[in-house]
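S.K.: As input, take entry.pdb (PDB, C-alpha atoms):
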ATOM      1  CA  MET A1085     140.183  -4.880  19.493
ATOM      2  CA  LYS A1086     138.589  -2.717  22.200
ATOM      3  CA  LYS A1087     140.858  -0.039  23.627
ATOM      4  CA  TYR A1088     140.912   0.569  27.347
ATOM      5  CA  LEU A1089     141.951   4.134  28.020
ATOM      6  CA  ALA A1090     143.979   5.224  31.029
ATOM      7  CA  ILE A1091     145.538   8.423  32.339
ATOM      8  CA  ASP A1092     148.640   8.598  34.546
ATOM      9  CA  LEU A1093     148.779  11.552  36.939
ATOM     10  CA  PHE A1094     152.146  12.494  38.496
ATOM     11  CA  SER A1095     153.758  10.071  36.062
ATOM     12  CA  GLY A1096     157.427  10.469  36.975
ATOM     13  CA  CYS A1097     159.675   8.559  34.600
ATOM     14  CA  GLY A1098     156.867   6.161  33.676
ATOM     15  CA  GLY A1099     156.877   3.192  36.070
ATOM     16  CA  LEU A1100     153.107   3.256  36.528
ATOM     17  CA  SER A1101     152.506   3.754  32.799
ATOM     18  CA  GLU A1102     154.834   0.876  31.934
ATOM     19  CA  GLY A1103     152.711  -1.454  34.059
ATOM     20  CA  LEU A1104     149.470  -0.051  32.637
ATOM     21  CA  ARG A1105     150.666  -0.453  29.075
ATOM     22  CA  THR A1106     151.959  -3.984  29.628
ATOM     23  CA  ALA A1107     148.628  -4.949  31.194
ATOM     24  CA  GLY A1108     146.770  -3.792  28.095
ATOM     25  CA  PHE A1109     145.745  -0.192  28.762
ATOM     26  CA  ASN A1110     146.252   2.585  26.239
ATOM     27  CA  VAL A1111     147.774   5.420  28.287
ATOM     28  CA  VAL A1112     146.482   8.486  26.471
ATOM     29  CA  ALA A1113     147.809  11.205  28.772
ATOM     30  CA  ALA A1114     150.425  11.677  31.474
ATOM     31  CA  PHE A1115     151.272  14.609  33.733
ATOM     32  CA  ASP A1116     154.414  15.733  35.529
ATOM     33  CA  ASN A1117     156.357  18.932  36.251
ATOM     34  CA  ASP A1118     159.915  17.585  36.426
ATOM     35  CA  PRO A1119     161.891  18.002  33.171
ATOM     36  CA  ASP A1120     164.110  14.937  33.742
ATOM     37  CA  SER A1121     161.091  12.749  34.507
ATOM     38  CA  ILE A1122     159.319  13.981  31.397
ATOM     39  CA  ALA A1123     162.389  13.371  29.239
ATOM     40  CA  ALA A1124     162.601   9.778  30.474
ATOM     41  CA  TYR A1125     158.868   9.276  30.069
ATOM     42  CA  ARG A1126     158.879  10.460  26.466
ATOM     43  CA  LEU A1127     161.768   8.176  25.567
ATOM     44  CA  ASN A1128     159.712   5.146  26.590
ATOM     45  CA  HIS A1129     156.116   6.198  25.915
ATOM     46  CA  PRO A1130     156.255   8.247  22.703
ATOM     47  CA  ASP A1131     152.565   7.722  21.877
ATOM     48  CA  THR A1132     151.290   9.242  25.123
ATOM     49  CA  LYS A1133     150.381  12.930  25.273
ATOM     50  CA  VAL A1134     152.528  14.400  28.060
ATOM     51  CA  PHE A1135     151.430  17.529  29.907
ATOM     52  CA  GLU A1136     154.400  19.357  31.378
ATOM     53  CA  GLY A1137     153.993  21.813  34.234
ATOM     54  CA  ASP A1138     151.923  22.367  37.364
ATOM     55  CA  ILE A1139     148.929  20.043  37.286
ATOM     56  CA  ARG A1140     146.926  22.676  39.129
ATOM     57  CA  ASP A1141     147.009  24.733  35.929
ATOM     58  CA  VAL A1142     145.584  21.958  33.738
ATOM     59  CA  ASP A1143     142.081  22.437  32.346
ATOM     60  CA  THR A1144     140.508  18.999  31.954
ATOM     61  CA  THR A1145     138.700  20.208  28.826
ATOM     62  CA  SER A1146     141.935  19.418  26.974
ATOM     63  CA  ILE A1147     141.767  15.862  28.320
ATOM     64  CA  ARG A1148     138.216  15.385  27.114
ATOM     65  CA  GLU A1149     139.401  16.393  23.646
ATOM     66  CA  ILE A1150     141.936  13.546  23.746
ATOM     67  CA  LEU A1151     139.251  11.079  24.863
ATOM     68  CA  GLN A1152     137.051  12.126  21.891
ATOM     69  CA  GLY A1153     133.842  11.146  23.646
ATOM     70  CA  ASN A1154     135.162   7.754  24.768
ATOM     71  CA  PRO A1155     134.947   6.764  28.427
ATOM     72  CA  LEU A1156     138.038   7.006  30.583
ATOM     73  CA  HIS A1157     138.420   3.466  31.872
ATOM     74  CA  LEU A1158     141.066   4.143  34.518
ATOM     75  CA  LEU A1159     142.489   7.211  36.226
ATOM     76  CA  ALA A1160     145.695   6.192  37.976
ATOM     77  CA  GLY A1161     148.220   8.240  39.855
ATOM     78  CA  CYS A1162     150.795   8.601  42.586
ATOM     79  CA  PRO A1163     150.465  12.088  44.114
ATOM     80  CA  PRO A1164     153.889  13.091  45.499
ATOM     81  CA  CYS A1165     153.003  13.291  49.185
ATOM     82  CA  GLN A1166     156.578  13.123  50.502
ATOM     83  CA  GLY A1167     155.547  14.868  53.685
ATOM     84  CA  PHE A1168     153.648  11.757  54.722
ATOM     85  CA  SER A1169     156.607   9.373  54.395
ATOM     86  CA  SER A1170     158.093   7.719  57.471
ATOM     87  CA  MET A1171     161.533   9.088  56.591
ATOM     88  CA  ARG A1172     160.298  12.663  56.500
ATOM     89  CA  ARG A1173     158.554  12.151  59.838
ATOM     90  CA  LEU A1174     161.704  10.630  61.321
ATOM     91  CA  ASN A1175     163.473  13.793  60.306
ATOM     92  CA  LYS A1176     160.735  15.767  62.094
ATOM     93  CA  LYS A1177     159.649  17.721  59.049
ATOM     94  CA  ARG A1178     155.972  18.228  59.642
ATOM     95  CA  SER A1179     153.823  16.999  56.792
ATOM     96  CA  LYS A1180     151.507  19.996  56.673
ATOM     97  CA  ARG A1181     154.422  22.236  55.699
ATOM     98  CA  ASP A1182     155.003  20.384  52.446
ATOM     99  CA  SER A1183     152.834  21.982  49.752
ATOM    100  CA  ARG A1184     153.026  18.824  47.660
ATOM    101  CA  ASN A1185     150.693  17.125  50.141
ATOM    102  CA  ASN A1186     147.799  19.133  48.687
ATOM    103  CA  LEU A1187     148.276  17.562  45.264
ATOM    104  CA  ILE A1188     146.027  14.675  46.250
ATOM    105  CA  LEU A1189     143.209  17.199  45.835
ATOM    106  CA  GLU A1190     144.179  17.480  42.158
ATOM    107  CA  TYR A1191     143.683  13.739  41.813
ATOM    108  CA  LEU A1192     140.208  14.202  43.269
ATOM    109  CA  ARG A1193     139.529  17.110  40.882
ATOM    110  CA  PHE A1194     140.385  14.949  37.889
ATOM    111  CA  VAL A1195     138.067  12.209  39.163
ATOM    112  CA  LYS A1196     135.199  14.676  39.551
ATOM    113  CA  GLU A1197     135.714  16.310  36.171
ATOM    114  CA  LEU A1198     136.520  13.236  34.043
ATOM    115  CA  ASN A1199     134.284  10.597  35.694
ATOM    116  CA  PRO A1200     136.595   7.617  35.103
ATOM    117  CA  LEU A1201     134.994   4.176  35.352
ATOM    118  CA  THR A1202     137.724   2.982  37.724
ATOM    119  CA  ILE A1203     140.408   4.647  39.828
ATOM    120  CA  MET A1204     143.732   3.590  41.313
ATOM    121  CA  LEU A1205     145.924   5.631  43.650
ATOM    122  CA  GLU A1206     149.267   4.569  45.124
ATOM    123  CA  ASN A1207     151.206   6.276  47.873
ATOM    124  CA  VAL A1208     153.138   5.892  51.107
ATOM    125  CA  PRO A1209     151.266   4.029  53.885
ATOM    126  CA  GLY A1210     151.441   7.018  56.242
ATOM    127  CA  LEU A1211     148.962   8.878  54.050
ATOM    128  CA  VAL A1212     146.009   7.079  55.687
ATOM    129  CA  ASN A1213     146.478   9.034  58.924
ATOM    130  CA  TYR A1214     145.999  12.480  57.446
ATOM    131  CA  LYS A1215     142.893  14.589  57.093
ATOM    132  CA  LEU A1216     143.242  15.257  53.373
ATOM    133  CA  PHE A1217     143.288  11.557  52.535
ATOM    134  CA  LYS A1218     140.264  10.902  54.723
ATOM    135  CA  TYR A1219     138.475  13.794  53.027
ATOM    136  CA  VAL A1220     139.309  12.409  49.566
ATOM    137  CA  VAL A1221     138.042   8.949  50.547
ATOM    138  CA  ARG A1222     134.749  10.454  51.751
ATOM    139  CA  GLU A1223     134.386  12.376  48.507
ATOM    140  CA  LEU A1224     135.136   9.293  46.395
ATOM    141  CA  ARG A1225     132.570   7.354  48.375
ATOM    142  CA  GLY A1226     130.007  10.074  47.733
ATOM    143  CA  LEU A1227     130.764   9.904  44.011
ATOM    144  CA  GLY A1228     129.914   6.199  43.979
ATOM    145  CA  TYR A1229     133.388   4.660  43.729
ATOM    146  CA  ASN A1230     133.157   2.588  46.936
ATOM    147  CA  PRO A1231     136.922   3.035  47.499
ATOM    148  CA  LYS A1232     138.978   0.238  49.063
ATOM    149  CA  TYR A1233     142.431   0.945  50.427
ATOM    150  CA  ARG A1234     145.137  -0.733  52.472
ATOM    151  CA  PRO A1235     148.927  -0.912  52.707
ATOM    152  CA  VAL A1236     150.527  -3.894  51.003
ATOM    153  CA  SER A1237     154.035  -5.372  50.943
ATOM    154  CA  ILE A1238     155.129  -5.235  47.328
ATOM    155  CA  GLN A1239     157.588  -8.124  47.703
ATOM    156  CA  LYS A1240     154.517 -10.392  47.920
ATOM    157  CA  TYR A1241     153.652  -9.373  44.354
ATOM    158  CA  GLY A1242     156.871 -10.594  42.749
ATOM    159  CA  ILE A1243     158.855  -7.397  43.331
ATOM    160  CA  PRO A1244     162.452  -8.042  44.509
ATOM    161  CA  GLN A1245     162.504  -5.430  47.260
ATOM    162  CA  ARG A1246     161.023  -4.806  50.676
ATOM    163  CA  ARG A1247     158.648  -1.892  50.401
ATOM    164  CA  LYS A1248     155.209  -1.057  51.696
ATOM    165  CA  ARG A1249     152.803   0.980  49.589
ATOM    166  CA  LEU A1250     149.282   2.188  50.106
ATOM    167  CA  VAL A1251     146.919   1.173  47.311
ATOM    168  CA  LEU A1252     143.436   2.615  46.764
ATOM    169  CA  VAL A1253     141.040   1.374  44.087
ATOM    170  CA  GLY A1254     137.436   2.146  43.275
ATOM    171  CA  SER A1255     134.870   1.586  40.565
ATOM    172  CA  LEU A1256     131.540   2.921  39.321
ATOM    173  CA  LEU A1257     130.791  -0.540  37.908
ATOM    174  CA  GLY A1258     130.549  -2.585  41.096
ATOM    175  CA  ASN A1259     132.788  -3.897  43.826
ATOM    176  CA  LEU A1260     136.507  -3.672  43.045
ATOM    177  CA  GLU A1261     139.024  -5.054  45.508
ATOM    178  CA  ILE A1262     142.764  -4.525  45.611
ATOM    179  CA  ALA A1263     144.602  -7.270  43.746
ATOM    180  CA  GLU A1264     145.707 -10.059  46.035
ATOM    181  CA  ALA A1265     149.380 -10.925  46.414
ATOM    182  CA  THR A1266     150.727 -13.303  43.799
ATOM    183  CA  GLY A1267     153.005 -15.096  46.259
ATOM    184  CA  GLU A1268     155.843 -15.083  43.740
ATOM    185  CA  LYS A1269     159.258 -14.543  45.319
ATOM    186  CA  VAL A1270     161.820 -12.733  43.192
ATOM    187  CA  THR A1271     165.296 -12.135  44.602
ATOM    188  CA  VAL A1272     168.245  -9.855  43.987
ATOM    189  CA  ARG A1273     169.993 -12.739  42.210
ATOM    190  CA  ASP A1274     167.018 -13.245  39.898
ATOM    191  CA  MET A1275     167.163  -9.637  38.771
ATOM    192  CA  ILE A1276     170.856  -8.704  38.651
ATOM    193  CA  GLY A1277     172.741 -11.976  39.066
ATOM    194  CA  HIS A1278     173.370 -12.438  35.365
ATOM    195  CA  ILE A1279     173.852  -8.881  34.148
ATOM    196  CA  GLU A1280     177.076  -8.299  32.243
ATOM    197  CA  ALA A1281     180.113  -6.742  33.882
ATOM    198  CA  ILE A1282     180.358  -2.964  33.772
ATOM    199  CA  TYR A1283     183.550  -3.049  31.703
ATOM    200  CA  LYS A1284     181.835  -5.262  29.085
ATOM    201  CA  THR A1285     178.503  -3.502  28.829
ATOM    202  CA  LYS A1286     177.293  -1.364  25.944
ATOM    203  CA  ASP A1287     174.505  -0.021  28.152
ATOM    204  CA  PRO A1288     175.387   3.535  29.278
ATOM    205  CA  ILE A1289     172.957   3.269  32.213
ATOM    206  CA  HIS A1290     174.832   0.251  33.558
ATOM    207  CA  ARG A1291     178.020   2.292  33.545
ATOM    208  CA  ILE A1292     176.528   4.848  35.959
ATOM    209  CA  VAL A1293     177.971   3.903  39.339
ATOM    210  CA  ALA A1294     179.306   5.734  42.377
ATOM    211  CA  SER A1295     183.023   6.481  42.684
ATOM    212  CA  HIS A1296     184.699   6.581  46.085
ATOM    213  CA  THR A1297     187.781   7.810  47.884
ATOM    214  CA  PRO A1298     190.491   5.226  48.695
ATOM    215  CA  GLU A1299     189.387   5.335  52.337
ATOM    216  CA  VAL A1300     185.793   4.452  51.492
ATOM    217  CA  MET A1301     186.944   1.754  49.069
ATOM    218  CA  LYS A1302     188.885   0.069  51.878
ATOM    219  CA  ARG A1303     185.701   0.039  53.937
ATOM    220  CA  ILE A1304     183.696  -1.435  51.053
ATOM    221  CA  MET A1305     186.308  -4.127  50.382
ATOM    222  CA  ALA A1306     186.274  -5.097  54.045
ATOM    223  CA  THR A1307     182.485  -5.453  54.160
ATOM    224  CA  PRO A1308     181.561  -9.171  54.107
ATOM    225  CA  LYS A1309     180.055 -10.381  50.854
ATOM    226  CA  ASN A1310     176.362 -11.202  50.483
ATOM    227  CA  GLY A1311     174.691  -9.136  53.171
ATOM    228  CA  GLY A1312     177.514  -7.696  55.249
ATOM    229  CA  SER A1313     177.068  -4.304  56.877
ATOM    230  CA  ARG A1314     179.102  -1.596  58.570
ATOM    231  CA  THR A1315     178.462  -3.270  61.921
ATOM    232  CA  ASP A1316     180.572  -6.232  60.725
ATOM    233  CA  LEU A1317     183.657  -4.071  60.249
ATOM    234  CA  PRO A1318     186.554  -3.654  62.683
ATOM    235  CA  LYS A1319     186.514  -0.473  64.763
ATOM    236  CA  GLU A1320     189.242   1.057  62.606
ATOM    237  CA  TYR A1321     186.745   1.387  59.749
ATOM    238  CA  GLU A1322     184.038   3.042  61.810
ATOM    239  CA  LEU A1323     183.016   6.508  60.664
ATOM    240  CA  GLU A1324     183.144   9.321  63.194
ATOM    241  CA  CYS A1325     179.442  10.038  62.650
ATOM    242  CA  HIS A1326     178.579   6.449  63.630
ATOM    243  CA  LYS A1327     180.572   6.275  66.855
ATOM    244  CA  GLU A1328     177.896   7.832  69.022
ATOM    245  CA  VAL A1329     175.418   5.333  70.455
ATOM    246  CA  GLY A1330     172.103   5.292  68.610
ATOM    247  CA  VAL A1331     173.315   7.465  65.764
ATOM    248  CA  GLY A1332     173.210   6.443  62.114
ATOM    249  CA  PHE A1333     171.218   3.914  60.141
ATOM    250  CA  LYS A1334     172.651   0.394  60.318
ATOM    251  CA  ASP A1335     172.011  -0.322  56.640
ATOM    252  CA  VAL A1336     174.321   2.376  55.278
ATOM    253  CA  TYR A1337     177.307   0.881  53.440
ATOM    254  CA  GLY A1338     175.594  -2.513  53.652
ATOM    255  CA  ARG A1339     175.586  -5.156  50.934
ATOM    256  CA  LEU A1340     172.495  -6.631  49.336
ATOM    257  CA  ARG A1341     171.896 -10.370  49.769
ATOM    258  CA  TRP A1342     171.751 -12.545  46.665
ATOM    259  CA  ASP A1343     168.876 -14.793  47.650
ATOM    260  CA  ASP A1344     166.712 -12.278  49.450
ATOM    261  CA  TYR A1345     164.787  -9.131  48.606
ATOM    262  CA  SER A1346     166.694  -5.887  48.292
ATOM    263  CA  SER A1347     166.111  -3.061  50.710
ATOM    264  CA  THR A1348     163.780  -0.332  49.454
ATOM    265  CA  ILE A1349     165.174   1.314  46.332
ATOM    266  CA  THR A1350     165.054   5.012  47.182
ATOM    267  CA  GLY A1351     166.134   8.257  45.572
ATOM    268  CA  GLY A1352     169.570   7.642  47.100
ATOM    269  CA  CYS A1353     169.913   4.165  45.596
ATOM    270  CA  LEU A1354     173.262   4.849  43.898
ATOM    271  CA  ASN A1355     174.908   6.093  47.076
ATOM    272  CA  PRO A1356     175.866   3.448  49.673
ATOM    273  CA  SER A1357     176.016   6.142  52.349
ATOM    274  CA  LYS A1358     172.205   6.377  51.934
ATOM    275  CA  GLY A1359     171.366   2.725  52.575
ATOM    276  CA  ARG A1360     172.083  -0.933  51.816
ATOM    277  CA  PHE A1361     173.074  -0.347  48.216
ATOM    278  CA  LEU A1362     176.394  -2.179  47.855
ATOM    279  CA  HIS A1363     176.520  -5.029  45.347
ATOM    280  CA  PRO A1364     176.311  -8.453  47.047
ATOM    281  CA  GLN A1365     179.656  -9.579  45.636
ATOM    282  CA  LYS A1366     181.504  -6.821  43.821
ATOM    283  CA  ASN A1367     183.295  -3.991  45.595
ATOM    284  CA  ARG A1368     181.025  -1.232  44.401
ATOM    285  CA  ALA A1369     177.552   0.185  44.760
ATOM    286  CA  ILE A1370     174.817  -1.056  42.460
ATOM    287  CA  THR A1371     174.679   0.643  39.077
ATOM    288  CA  ALA A1372     171.759   2.692  37.800
ATOM    289  CA  ARG A1373     170.688  -0.216  35.583
ATOM    290  CA  GLU A1374     170.815  -2.651  38.489
ATOM    291  CA  ALA A1375     168.715  -0.269  40.589
ATOM    292  CA  ALA A1376     166.201   0.006  37.742
ATOM    293  CA  LEU A1377     166.044  -3.777  37.420
ATOM    294  CA  LEU A1378     165.391  -4.107  41.151
ATOM    295  CA  GLN A1379     162.532  -1.665  40.554
ATOM    296  CA  THR A1380     161.370  -4.114  37.808
ATOM    297  CA  PHE A1381     161.926  -1.759  34.895
ATOM    298  CA  PRO A1382     162.649  -3.697  31.678
ATOM    299  CA  LYS A1383     166.359  -3.974  30.919
ATOM    300  CA  LYS A1384     165.939  -1.822  27.825
ATOM    301  CA  TYR A1385     164.038   0.962  29.608
ATOM    302  CA  LYS A1386     165.623   4.253  28.613
ATOM    303  CA  PHE A1387     166.843   7.092  30.802
ATOM    304  CA  PRO A1388     168.310  10.385  29.557
ATOM    305  CA  ALA A1389     172.057   9.976  29.269
ATOM    306  CA  GLU A1390     172.778  13.648  29.848
ATOM    307  CA  ILE A1391     171.234  14.011  33.325
ATOM    308  CA  SER A1392     173.211  13.851  36.557
ATOM    309  CA  LYS A1393     173.793  10.742  38.632
ATOM    310  CA  THR A1394     171.700  12.282  41.386
ATOM    311  CA  SER A1395     168.820  12.924  38.986
ATOM    312  CA  ILE A1396     168.758   9.415  37.553
ATOM    313  CA  SER A1397     168.888   8.009  41.081
ATOM    314  CA  LEU A1398     165.807  10.070  41.983
ATOM    315  CA  LEU A1399     163.965   9.006  38.814
ATOM    316  CA  ILE A1400     164.504   5.340  39.585
ATOM    317  CA  GLY A1401     163.927   5.514  43.330
ATOM    318  CA  ASN A1402     160.771   7.622  43.125
ATOM    319  CA  ALA A1403     159.115   5.408  40.517
ATOM    320  CA  LEU A1404     156.303   2.953  41.108
ATOM    321  CA  PRO A1405     157.711  -0.493  40.227
ATOM    322  CA  PRO A1406     156.207  -1.380  36.828
ATOM    323  CA  LYS A1407     155.531  -4.985  37.799
ATOM    324  CA  PHE A1408     153.488  -3.883  40.808
ATOM    325  CA  SER A1409     151.513  -1.525  38.568
ATOM    326  CA  TYR A1410     151.060  -4.397  36.101
ATOM    327  CA  VAL A1411     149.546  -6.758  38.691
ATOM    328  CA  GLN A1412     147.096  -4.114  39.913
ATOM    329  CA  SER A1413     146.263  -3.024  36.348
ATOM    330  CA  VAL A1414     145.560  -6.554  35.102
ATOM    331  CA  HIS A1415     143.173  -7.003  38.029
ATOM    332  CA  ILE A1416     141.334  -3.775  37.147
ATOM    333  CA  LEU A1417     141.204  -4.700  33.456
ATOM    334  CA  LYS A1418     139.533  -8.018  34.323
ATOM    335  CA  HIS A1419     136.968  -6.086  36.363
ATOM    336  CA  LEU A1420     136.261  -3.785  33.409
ATOM    337  CA  LYS A1421     135.889  -6.679  30.998
ATOM    338  CA  ALA A1422     133.613  -8.580  33.383
ATOM    339  CA  SER A1423     131.343  -5.550  33.571
ATOM    340  CA  GLY A1424     131.128  -5.344  29.793
ATOM    341  CA  LYS A1425     132.701  -1.870  29.685
TER
END
Take the structure I supplied and represent it as structure tokens, if you would.
M.R.:
Amino acid sequence: MKKYLAIDLFSGCGGLSEGLRTAGFNVVAAFDNDPDSIAAYRLNHPDTKVFEGDIRDVDTTSIREILQGNPLHLLAGCPPCQGFSSMRRLNKKRSKRDSRNNLILEYLRFVKELNPLTIMLENVPGLVNYKLFKYVVRELRGLGYNPKYRPVSIQKYGIPQRRKRLVLVGSLLGNLEIAEATGEKVTVRDMIGHIEAIYKTKDPIHRIVASHTPEVMKRIMATPKNGGSRTDLPKEYELECHKEVGVGFKDVYGRLRWDDYSSTITGGCLNPSKGRFLHPQKNRAITAREAALLQTFPKKYKFPAEISKTSISLLIGNALPPKFSYVQSVHILKHLKASGK
């Protein structure tokens, strides 16, 4: 059987690679500089060569050695351009001050030096407004990739959460469009409605859940089931920081809704003070396993047991949902096969 080779840049804990692998790609190399991300990645993708450290220090000669003269069918990656996110801009942290924004140039360097047949890049929608992205698109166009890009709503691809992502694809083999939405609706209930109770589980990741003071627990217990929020509570439960008009996000300490999409699973997904992360029915926040399921990780996906709750929350929230990667990757694989490559 023909092997289709892919590389995952800025791989995190492996959400993109999981989708690539499930679609039929052989992920031969992955790159990241975060030890916890790399530990999680290796637990789930033991056959992939993982490069640990600053990607700017990587000589692509070592990648060509892995390819052994074979073509690289797909270069995929999610450069960590946090400075372009809407949340960072809301907090008035100017994007140009975040050195990670320049890492998109490393993606371009890998394209130029490895000449992949197809490319895929995913990021926050705000990236389209910045000079570096526009420069990269011009360069990719000059290299013959005819890049196509647009923001998409991932819930339209069978992902059980509201989230917009920018997708860019390109090909040296002809016109390649972004995969169209599948139209499948998957809800919170579909993903976590039948998971075992925490006290019954043998899954250590499902036992990772926030603990709260008695005062906060009273507030959680008073929040209406299935979608209630802090605005539904009596004044006596109102936090001091929320009493000023126009202050505070309305979703904090809110419950998910069973038969709807979840809110965006972020790096604060285990902390209800960071968003709508309370369980629809139970008087607790969602567990790490429930957050991972809402990100469409397989139930048996492994995470290092020894890392902190904050770290595992960041791993899950920062990941590209594997199912979204899968849909895009299947589309690209069909393009490669149609071209005879």
S.K.: I'd like the residues picked by the PyMOL selection byres ((chain A and resi 1402) around 9) written out as a PyMOL selection string, using the chain letters and numbers from the file.
M.R.: chain A and resi 1096-1097+1349-1351+1397-1401+1403-1404
S.K.: Mind pulling up the distance from atom CA of A:Leu1377 to atom CA of A:Asn1117?
M.R.: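 Distance reported for this atom pair: 24.7 Å.
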S.K.: So how many Å separate atom CA of A:Leu1420 and atom CA of A:Gly1099, to one decimal?
M.R.: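 Calculated distance between atom CA of A:Leu1420 and atom CA of A:Gly1099 is 21.9 Å.
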S.K.: May I ask for the distance between atom CA of A:Lys1358 and atom CA of A:Val1336, given in Å to one decimal place?
M.R.: 5.6 Å
S.K.: Can you pull out the residues contacting A:His1290? Cut-off 10 Å, using only C-alpha atoms, and skip same-chain residues under 6 positions away; I want them as number ranges by chain.
M.R.: A: 1279-1284, 1370-1376, 1383
S.K.: Please write as a PyMOL selection string the full residue list that the PyMOL selection byres ((chain A and resi 1345) around 12) yields on this file.
M.R.: chain A and resi 1237-1247+1268-1276+1310-1311+1339-1344+1346-1349+1360+1364+1378-1379
S.K.: Find the residues with any atom within 9 Å of (172.0, 3.6, 26.8); use all atoms listed in the file and the coordinates as given in the file, and write the answer as a PyMOL selection string.
M.R.: chain A and resi 1286-1290+1384-1389
S.K.: Smallest atom-to-atom distance to A:Gly1161: which of A:Ile1139, A:Ile1147, A:Val1221, A:Leu1100, using only C-alpha atoms?
M.R.: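 Nearest candidate to A:Gly1161 out of A:Ile1139, A:Ile1147, A:Val1221, A:Leu1100: A:Leu1100.
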S.K.: Starting from the displayed file, determine the output of the PyMOL selection byres ((chain A and resi 1188-1201) around 9) and express the residue list as a PyMOL selection string.
M.R.: chain A and resi 1090+1093+1139-1140+1144-1145+1147-1148+1155-1165+1184-1187+1202-1203+1205+1216-1217+1220+1223-1224+1227+1229+1254-1257+1420+1425
S.K.: Store the residues of this selection in a file with C-alpha atoms, as an mmCIF file, in the frame of the given file.
M.R.:
data_model
loop_
_atom_site.group_PDB
_atom_site.id
_atom_site.type_symbol
_atom_site.label_atom_id
_atom_site.label_comp_id
_atom_site.auth_asym_id
_atom_site.auth_seq_id
_atom_site.Cartn_x
_atom_site.Cartn_y
_atom_site.Cartn_z
ATOM 1 C CA ALA A 1090 143.979 5.224 31.029
ATOM 2 C CA LEU A 1093 148.779 11.552 36.939
ATOM 3 C CA ILE A 1139 148.929 20.043 37.286
ATOM 4 C CA ARG A 1140 146.926 22.676 39.129
ATOM 5 C CA THR A 1144 140.508 18.999 31.954
ATOM 6 C CA THR A 1145 138.700 20.208 28.826
ATOM 7 C CA ILE A 1147 141.767 15.862 28.320
ATOM 8 C CA ARG A 1148 138.216 15.385 27.114
ATOM 9 C CA PRO A 1155 134.947 6.764 28.427
ATOM 10 C CA LEU A 1156 138.038 7.006 30.583
ATOM 11 C CA HIS A 1157 138.420 3.466 31.872
ATOM 12 C CA LEU A 1158 141.066 4.143 34.518
ATOM 13 C CA LEU A 1159 142.489 7.211 36.226
ATOM 14 C CA ALA A 1160 145.695 6.192 37.976
ATOM 15 C CA GLY A 1161 148.220 8.240 39.855
ATOM 16 C CA CYS A 1162 150.795 8.601 42.586
ATOM 17 C CA PRO A 1163 150.465 12.088 44.114
ATOM 18 C CA PRO A 1164 153.889 13.091 45.499
ATOM 19 C CA CYS A 1165 153.003 13.291 49.185
ATOM 20 C CA ARG A 1184 153.026 18.824 47.660
ATOM 21 C CA ASN A 1185 150.693 17.125 50.141
ATOM 22 C CA ASN A 1186 147.799 19.133 48.687
ATOM 23 C CA LEU A 1187 148.276 17.562 45.264
ATOM 24 C CA THR A 1202 137.724 2.982 37.724
ATOM 25 C CA ILE A 1203 140.408 4.647 39.828
ATOM 26 C CA LEU A 1205 145.924 5.631 43.650
ATOM 27 C CA LEU A 1216 143.242 15.257 53.373
ATOM 28 C CA PHE A 1217 143.288 11.557 52.535
ATOM 29 C CA VAL A 1220 139.309 12.409 49.566
ATOM 30 C CA GLU A 1223 134.386 12.376 48.507
ATOM 31 C CA LEU A 1224 135.136 9.293 46.395
ATOM 32 C CA LEU A 1227 130.764 9.904 44.011
ATOM 33 C CA TYR A 1229 133.388 4.660 43.729
ATOM 34 C CA GLY A 1254 137.436 2.146 43.275
ATOM 35 C CA SER A 1255 134.870 1.586 40.565
ATOM 36 C CA LEU A 1256 131.540 2.921 39.321
ATOM 37 C CA LEU A 1257 130.791 -0.540 37.908
ATOM 38 C CA LEU A 1420 136.261 -3.785 33.409
ATOM 39 C CA LYS A 1425 132.701 -1.870 29.685
#
S.K.: When distances are computed from all atoms listed in the file, which of A:Ala1306, A:Leu1104, A:Met1085, A:Leu1417 shows the smallest separation from A:Pro1405?
M.R.: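 Checking each of A:Ala1306, A:Leu1104, A:Met1085, A:Leu1417 against A:Pro1405, counting all atoms listed in the file, the winner is A:Leu1104.
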S.K.: Smallest atom-to-atom distance to A:Pro1356: which of A:Ser1392, A:Ser1313, A:Ser1409, A:Ser1423, using only C-alpha atoms?
M.R.: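 When distances to A:Pro1356 are compared using only C-alpha atoms, the smallest one comes from A:Ser1313.
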S.K.: For A:Val1111, which of A:Leu1127, A:Val1251, A:Val1142, A:Leu1151 is the closest residue, counting all atoms listed in the file?
M.R.: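 Distance minimum relative to A:Val1111 lands on A:Leu1151.
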S.K.: Which is closer to A:Ile1091 than all the others in A:Thr1132, A:Thr1307, A:Thr1106, A:Thr1380, using all atoms listed in the file?
M.R.: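 Looking at the shortest contact to A:Ile1091, the residue is A:Thr1132.
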